[in-house]
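Here is the structure we will look at.
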Amino acid sequence: MKTIAATVINEVVTPIEPMPSDAKLIVFNGTEYVIYEDGDELPSFE
Amino acid sequence: MELSNPLISEYTWANKPSVAPLGQIICVTDVGENGILCRGDGAKWIRMHQVNLYNLATPVVLTGTTSETTMLTVSIPASLMNKRGRAMIYVLFSLTNNANAKTVKVKVGGATIITFTSTNQNLLGLSGWLLNLNSETSQKSNSAASFTIDTTIANDLVITGQLANAGDTVTLTAVSLEII
């Protein structure tokens, strides 16, 4: 698991670097983008 | 038996020749699932066929904020659309099924081409298109809106989400972007 910080550009929350295309799941949790990779336990959402 | 065609040279979109002789065909290897063919018109390399430019492989979840938040960014290469090209976008979301508003937007080059606010749905499918009007800088969308996006430069297609209640979730589960 790794994280990507967020910034605000033109009033839109935006990652500071490109998000990976090969992750298992990406979650923006209100603060940062959390990148789940192979082997990480995935959270569940409604 | 040798299958390679030595008459069709391979390039990337960025390093294709600046000269595009009329009738010359090249293969651009880094666009689409396995490359595209382009034909010179004497000035530019023109894409010869439609291409599935992007398919989402990673679900993206938005929660914990009421701010508009980027969920996906896809770059559309400079001049890939051509004067008469069309970008077709198909998007599927899953959402918390309650009365709180969840707004999703699709933008190209900073211009919003699709916007939709969902309530009381657990799934939302959207589709739309952006059509170049015989010009690389003049478009209409499927909502009849007009745009002046310069498609001779690379433009980001951006999908955003915004929650009325930060405790809800919106999940981007499928995206297909075709350039026709």
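We label chains A, B, ... in the order they appear in the structure tokens, count residues from 1 in each chain, and number ligands from 1 in the order shown.
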Next on the checklist: Should the cut-off be 7 Å, what would the residue list for chain B against chain A look like, counting only C-alpha atoms, as a list in words?
Outcome noted: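 Applying the cut-off to the listed atoms yields Ala57, Thr58, Pro59, Val60, Val61, Leu62, Thr63, Gly64, Thr65, Ser67, Glu68, Thr69, Thr70 and Thr96 of chain B.
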Just the number, please: distance in Å from atom CA of B:Tyr54 to atom CA of B:Gly161, one decimal.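 According to the coordinates, atom CA of B:Tyr54 and atom CA of B:Gly161 are separated by 19.2 Å.
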At a cut-off of 6 Å, using only C-alpha atoms, what residues contact B:Val158? Leave out same-chain residues fewer than 3 positions from it and give the result as a ChimeraX atom specification. /B:72-73,106-107
Report as a VMD selection string: the residues of stretch 21-152 of chain B with a DSSP assignment of strand (DSSP E), based on the backbone of this structure.
-> chain B and resid 25 to 28 36 to 40 45 to 47 51 to 55 60 to 62 69 to 76 86 to 95 102 to 108 111 to 118 123 to 132 139 to 141 146 to 147
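Distances here use only C-alpha atoms; by that measure, the residue among B:Leu37, B:Leu123, B:Ala154, B:Ala164 closest to B:Ala14 is B:Ala154.
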